[in-house]
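To start, the structure itself, in structure tokens.
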Amino acid sequence: MLETCNLCGACVPVCPEDALSIEEVKRTKEIDPSEWRGVWAFAEQRRDQIQSSTYELLGAARGVAEKLEVQVTAVLLGSDVENPESLLAAGADEVFYIKDESLAHFGLEPYTKIIADLILERKPEIVLGAATFIGRSLLPRIAVRVHAGLTADCTGLDVDTEKRLLLQTRPAFGGNIMATIICPQHRPQMATVRPKVMKPLEEPYNSKGKVSEISVDSASNRVRFLEFVVDDTSQINIAEADIIVTGGRGLQDPKNFALIEELAGLLGSAVGASRAAVDSGWINYSHQVGQTGRTVSPKLYIAVGVSGAIQHLVGMQSSDYIIAVNKDPNAPIFKVADIGIVGDLFEVVPKLIKEIKRRKGE
Amino acid sequence: MRFIVCIKQVPDTTEVRVNPETNTLIREGVPATVNPFDLYAVEEALLLKEKFGGEVIAISMGPPQAEEALREVISMGVDKAILISDRKFAGSDSWATSLTLATAIRKIGSFDIIFTGKQAADGDTAQVGPGIAEFLDIPQATFVRKVDELNIENRIIRLQSMWEEGSELLELPLPCLITTVKELNEPRLPSLRGKLTAKKAEIPLWSFDELAVEEKHVGLAGSPTQVIKVFPPPPRAEGELFADADPDEAARIIADKLTEKGLL
């Protein structure tokens, strides 16, 4: 019976012997915010490498902590992580390194339990994570467990020093509006931060702290991790890219994606795709930018043969600089483009490729 | 098998604008739609039901008009729908929403898999799916792009969860919760028969009194986070449109900009 139990609780009131009870993980708490101090940053590692989004996060955490006059603690889970000391120079006053073989690869349940327990024990006022696939899977679970407020995918963090409140700004409605959010009564105040928006510290931080290895009780994991399959490693993934060249319906034929790939290769950039291109089977979903794909904010976004339907724009309109090539002068993409070229991509792009090669001296 | 799908009715994102004078959302005349990511959740539940038998129940927390969204998914083939609606639930953030939905699911009883879309097109948080899984204390897989195998006998599901650079292959025991991304399937269009069924369907309404929740944990009062300000995004600087450049000129203009930015 216990194997199929899903904790619905229906059995408890009806048991004639009154023999059943369900021990619930206590998920609500009353607290005094003044007892909570410190800024924590969840340090993300994959295959033992600390992620670039973590260094960005620590840059932001440092700024917040200075305004509140508290310390930054990096929380790292793993087994054999390379160079955990780098977290100190990146802005952490101390590092909690929970080190165990079982934690080498991200496990939602053990990570949730370990971090939630630490939070309830040590009471940080703010806990931050990067809004990566891991962060957006893990932090919501922790937030519910510790009865905290969590704001997703922030593009701006500021502090109300008087009230000790984190001011969290983020886009909503696909980026058509911005919202600023606070978490007044609950602790910790949690937020995930959009990658590639915050900046890592320019100078190494003169941290007085160290990496402390923390041992915790082993945590169960009902999910079996079988394998991680990496996408085509010859391609830069759009989440990491500073430059993205995107192809859309205007390419007309899958073989014309070769043009996009050649341009992307020359610029060392990632290849993006509109929904139309993905739906037509020209390229894998992991390249899709837009409302049902991914949101990106690279330094440069080049849209080729992309009309710029709103569902696409919401995925890329916060790029630093946008260049668009489309033969329709009324294409909505031109509303967000810093440089718009009305023209035939089949003429413009080959010329551009040639010009780039010439300038590179190839 | 019993599959539960959580759906949300959202304003059609393409039409949302901020009133620049009052800094509030202009909602009048804005059409509503089933949240795009939820369609993949519904479709997956329907596909598994077709293969393994059972029923699909859709639930939604929202104002009374969210009933339209539930009828829409009934017309796709969902067997039953329940609307969770009460003034007291208004203003819920993702914590309060997750609690309310989880409580409603407990009231439904046993289930095998809960499906939710990755995120809602208005809130964009992607937090409610994981929140529900945590309240119900069940395993979760997020951003699921493929279901490889559902083994009813062993009560295990094998699937692929999307990361930036690849996919995690995972095995979860049932019951569990799955959040879906677009690659997972292609949502079917409602059939004529489905639309007639949807029109006649009775959709029970569960209000605050029907759910085992405390007032201090739902709605605006129960939400740890609060929005203090809404404002339009900073406008982009006016761009330059070259409407008549010949291809050579166009190539030069772009290459110049790349050089200027130090990217060449």
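Letters A, B, ... mark the chains of the structure tokens in the order given; residue numbers begin at 1 per chain; ligand numbers begin at 1, in order shown.
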
Give me the residues near Ile114 (chain A) as number ranges by chain, where near means some atom within 10 Å (using only C-alpha atoms) and where sequence neighbours in that chain fewer than 4 positions away do not count.
A: 77, 98, 109-110, 118-119, 142, 215-219

What lies within 9 Å of Lys49 (chain B) using only C-alpha atoms, ignoring chain neighbours under 5 positions off, as JSON, numbers by chain?
{"B": [1, 2, 3, 44, 54, 55, 56]}

Return as a PyMOL selection string the residues belonging to chain B that are within 6 Å of chain A, counting only C-alpha atoms.
chain B and resi 13-14+106+109+121-123+125+127+130-131+134+163+165-172+224-233+239-243+247+251

Could you pull out the alpha helix (DSSP H) residues of region 5-249 of chain B, going by DSSP on the backbone, and write them as a CSV table (one decimal) with N, CA and C atoms, in the first residue's frame?
chain,number,residue,atom,x,y,z
B,36,PRO,N,0.1,29.0,-23.8
B,36,PRO,CA,0.7,28.1,-24.8
B,36,PRO,C,1.4,26.9,-24.3
B,37,PHE,N,2.2,27.0,-23.3
B,37,PHE,CA,3.0,25.8,-22.8
B,37,PHE,C,2.0,24.7,-22.3
B,38,ASP,N,0.8,25.2,-21.8
B,38,ASP,CA,-0.1,24.2,-21.2
B,38,ASP,C,-0.6,23.2,-22.2
B,39,LEU,N,-0.7,23.7,-23.5
B,39,LEU,CA,-1.2,22.8,-24.5
B,39,LEU,C,-0.3,21.5,-24.7
B,40,TYR,N,1.0,21.7,-24.5
B,40,TYR,CA,1.9,20.5,-24.6
B,40,TYR,C,1.6,19.6,-23.4
B,41,ALA,N,1.3,20.2,-22.3
B,41,ALA,CA,1.0,19.3,-21.1
B,41,ALA,C,-0.3,18.5,-21.4
B,42,VAL,N,-1.3,19.2,-21.9
B,42,VAL,CA,-2.6,18.6,-22.2
B,42,VAL,C,-2.4,17.5,-23.2
B,43,GLU,N,-1.7,17.8,-24.2
B,43,GLU,CA,-1.5,16.8,-25.3
B,43,GLU,C,-0.8,15.6,-24.8
B,44,GLU,N,0.3,15.7,-24.0
B,44,GLU,CA,1.0,14.6,-23.5
B,44,GLU,C,0.1,13.7,-22.7
B,45,ALA,N,-0.7,14.3,-21.8
B,45,ALA,CA,-1.7,13.5,-21.0
B,45,ALA,C,-2.6,12.8,-21.9
B,46,LEU,N,-3.1,13.4,-22.9
B,46,LEU,CA,-4.0,12.8,-23.9
B,46,LEU,C,-3.4,11.6,-24.6
B,47,LEU,N,-2.1,11.8,-25.0
B,47,LEU,CA,-1.4,10.7,-25.7
B,47,LEU,C,-1.2,9.5,-24.8
B,48,LEU,N,-0.9,9.8,-23.5
B,48,LEU,CA,-0.6,8.6,-22.6
B,48,LEU,C,-1.9,7.9,-22.3
B,49,LYS,N,-3.0,8.7,-22.2
B,49,LYS,CA,-4.3,8.1,-21.9
B,49,LYS,C,-4.7,7.3,-23.1
B,50,GLU,N,-4.5,7.7,-24.3
B,50,GLU,CA,-4.8,6.9,-25.5
B,50,GLU,C,-4.1,5.6,-25.5
B,51,LYS,N,-2.8,5.7,-25.0
B,51,LYS,CA,-2.0,4.5,-25.1
B,51,LYS,C,-2.3,3.5,-23.9
B,52,PHE,N,-2.5,4.1,-22.7
B,52,PHE,CA,-2.6,3.2,-21.5
B,52,PHE,C,-4.0,3.2,-20.9
B,67,GLU,N,-13.1,29.4,-17.0
B,67,GLU,CA,-13.9,28.3,-17.4
B,67,GLU,C,-13.8,28.0,-18.9
B,68,GLU,N,-13.6,29.1,-19.7
B,68,GLU,CA,-13.5,29.0,-21.1
B,68,GLU,C,-12.2,28.2,-21.5
B,69,ALA,N,-11.2,28.4,-20.8
B,69,ALA,CA,-9.9,27.7,-21.1
B,69,ALA,C,-10.1,26.2,-20.8
B,70,LEU,N,-10.9,25.9,-19.7
B,70,LEU,CA,-11.1,24.5,-19.4
B,70,LEU,C,-12.0,23.9,-20.5
B,71,ARG,N,-13.0,24.6,-21.0
B,71,ARG,CA,-13.8,24.0,-22.1
B,71,ARG,C,-12.9,23.8,-23.3
B,72,GLU,N,-12.0,24.7,-23.5
B,72,GLU,CA,-11.1,24.5,-24.7
B,72,GLU,C,-10.3,23.2,-24.6
B,73,VAL,N,-9.8,22.9,-23.4
B,73,VAL,CA,-9.1,21.6,-23.4
B,73,VAL,C,-10.0,20.4,-23.3
B,74,ILE,N,-11.2,20.6,-22.8
B,74,ILE,CA,-12.2,19.5,-22.9
B,74,ILE,C,-12.4,19.2,-24.4
B,75,SER,N,-12.5,20.2,-25.2
B,75,SER,CA,-12.7,20.0,-26.6
B,75,SER,C,-11.5,19.3,-27.3
B,76,MET,N,-10.4,19.3,-26.6
B,76,MET,CA,-9.2,18.5,-27.2
B,76,MET,C,-9.3,17.1,-26.8
B,94,SER,N,3.3,32.8,-6.9
B,94,SER,CA,3.4,31.3,-7.2
B,94,SER,C,3.4,30.4,-6.0
B,95,TRP,N,3.8,30.9,-4.8
B,95,TRP,CA,3.7,30.1,-3.6
B,95,TRP,C,2.3,29.8,-3.3
B,96,ALA,N,1.4,30.8,-3.2
B,96,ALA,CA,0.0,30.7,-2.9
B,96,ALA,C,-0.7,29.9,-3.9
B,97,THR,N,-0.4,30.1,-5.2
B,97,THR,CA,-1.0,29.3,-6.3
B,97,THR,C,-0.7,27.9,-6.2
B,98,SER,N,0.6,27.6,-5.9
B,98,SER,CA,1.0,26.2,-5.8
B,98,SER,C,0.3,25.5,-4.7
B,99,LEU,N,0.2,26.2,-3.5
B,99,LEU,CA,-0.5,25.6,-2.4
B,99,LEU,C,-2.0,25.3,-2.7
B,100,THR,N,-2.6,26.3,-3.3
B,100,THR,CA,-4.1,26.1,-3.7
B,100,THR,C,-4.3,25.0,-4.6
B,101,LEU,N,-3.5,24.9,-5.7
B,101,LEU,CA,-3.6,23.9,-6.7
B,101,LEU,C,-3.3,22.5,-6.1
B,102,ALA,N,-2.3,22.5,-5.2
B,102,ALA,CA,-1.9,21.2,-4.6
B,102,ALA,C,-3.0,20.7,-3.7
B,103,THR,N,-3.7,21.6,-3.0
B,103,THR,CA,-4.8,21.2,-2.1
B,103,THR,C,-5.9,20.7,-3.0
B,104,ALA,N,-6.2,21.3,-4.1
B,104,ALA,CA,-7.3,20.9,-5.0
B,104,ALA,C,-6.9,19.5,-5.5
B,105,ILE,N,-5.7,19.2,-5.8
B,105,ILE,CA,-5.3,17.9,-6.3
B,105,ILE,C,-5.5,16.9,-5.2
B,106,ARG,N,-5.1,17.2,-4.0
B,106,ARG,CA,-5.4,16.3,-2.9
B,106,ARG,C,-6.8,16.0,-2.8
B,107,LYS,N,-7.7,16.9,-3.0
B,107,LYS,CA,-9.1,16.7,-2.9
B,107,LYS,C,-9.6,15.8,-4.0
B,108,ILE,N,-9.0,15.9,-5.2
B,108,ILE,CA,-9.3,15.0,-6.3
B,108,ILE,C,-9.0,13.5,-5.9
B,128,VAL,N,5.3,27.4,-10.5
B,128,VAL,CA,4.1,26.8,-9.9
B,128,VAL,C,4.2,25.2,-10.1
B,129,GLY,N,4.7,24.7,-11.2
B,129,GLY,CA,4.8,23.3,-11.4
B,129,GLY,C,5.7,22.7,-10.2
B,130,PRO,N,6.9,23.2,-10.1
B,130,PRO,CA,7.8,22.7,-9.0
B,130,PRO,C,7.2,22.9,-7.6
B,131,GLY,N,6.5,24.0,-7.5
B,131,GLY,CA,5.8,24.3,-6.2
B,131,GLY,C,4.8,23.3,-5.8
B,132,ILE,N,4.0,22.9,-6.8
B,132,ILE,CA,2.9,21.9,-6.6
B,132,ILE,C,3.6,20.6,-6.2
B,133,ALA,N,4.7,20.2,-6.9
B,133,ALA,CA,5.4,19.0,-6.6
B,133,ALA,C,5.9,19.0,-5.2
B,134,GLU,N,6.4,20.1,-4.8
B,134,GLU,CA,7.0,20.2,-3.4
B,134,GLU,C,5.9,20.0,-2.4
B,135,PHE,N,4.8,20.7,-2.6
B,135,PHE,CA,3.7,20.6,-1.6
B,135,PHE,C,3.1,19.2,-1.5
B,192,LEU,N,-14.7,18.6,-33.9
B,192,LEU,CA,-16.1,19.1,-33.9
B,192,LEU,C,-16.8,18.5,-32.7
B,193,ARG,N,-16.7,17.1,-32.6
B,193,ARG,CA,-17.3,16.4,-31.6
B,193,ARG,C,-16.8,16.9,-30.2
B,194,GLY,N,-15.5,17.2,-30.1
B,194,GLY,CA,-14.9,17.7,-28.9
B,194,GLY,C,-15.6,19.0,-28.5
B,195,LYS,N,-15.8,19.9,-29.5
B,195,LYS,CA,-16.4,21.2,-29.2
B,195,LYS,C,-17.8,21.0,-28.6
B,196,LEU,N,-18.5,20.1,-29.2
B,196,LEU,CA,-19.9,19.9,-28.7
B,196,LEU,C,-19.9,19.3,-27.3
B,197,THR,N,-19.0,18.4,-27.0
B,197,THR,CA,-18.8,17.9,-25.7
B,197,THR,C,-18.5,19.0,-24.7
B,198,ALA,N,-17.6,19.8,-25.1
B,198,ALA,CA,-17.1,20.9,-24.3
B,198,ALA,C,-18.2,21.9,-23.9
B,199,LYS,N,-19.1,22.1,-24.9
B,199,LYS,CA,-20.2,23.0,-24.7
B,199,LYS,C,-21.1,22.5,-23.6
B,200,LYS,N,-21.3,21.2,-23.6
B,200,LYS,CA,-22.3,20.6,-22.7
B,200,LYS,C,-21.7,20.2,-21.4
B,247,PRO,N,23.1,45.3,-52.0
B,247,PRO,CA,23.7,44.3,-51.1
B,247,PRO,C,25.1,44.6,-50.7
B,248,ASP,N,25.9,45.1,-51.6
B,248,ASP,CA,27.3,45.5,-51.2
B,248,ASP,C,27.3,46.5,-50.1
B,249,GLU,N,26.5,47.5,-50.3
B,249,GLU,CA,26.4,48.6,-49.3
B,249,GLU,C,25.9,48.0,-47.9

CA of Gln45 (chain A) to CA of Ala116 (chain A), distance in Å rounded to a single decimal:
18.2 Å

From region 62-277 of chain A, collect each residue whose DSSP state is strand (DSSP E or B) and return the set as a PyMOL selection string.
chain A and resi 72-78+94-99+126-130+149-154+156-160+165-172+177-182+189-193+211-214+224-230+243-247+270-273

Distance in Å - CA of Asp80 (chain A) versus CA of Arg46 (chain A):
10.7 Å
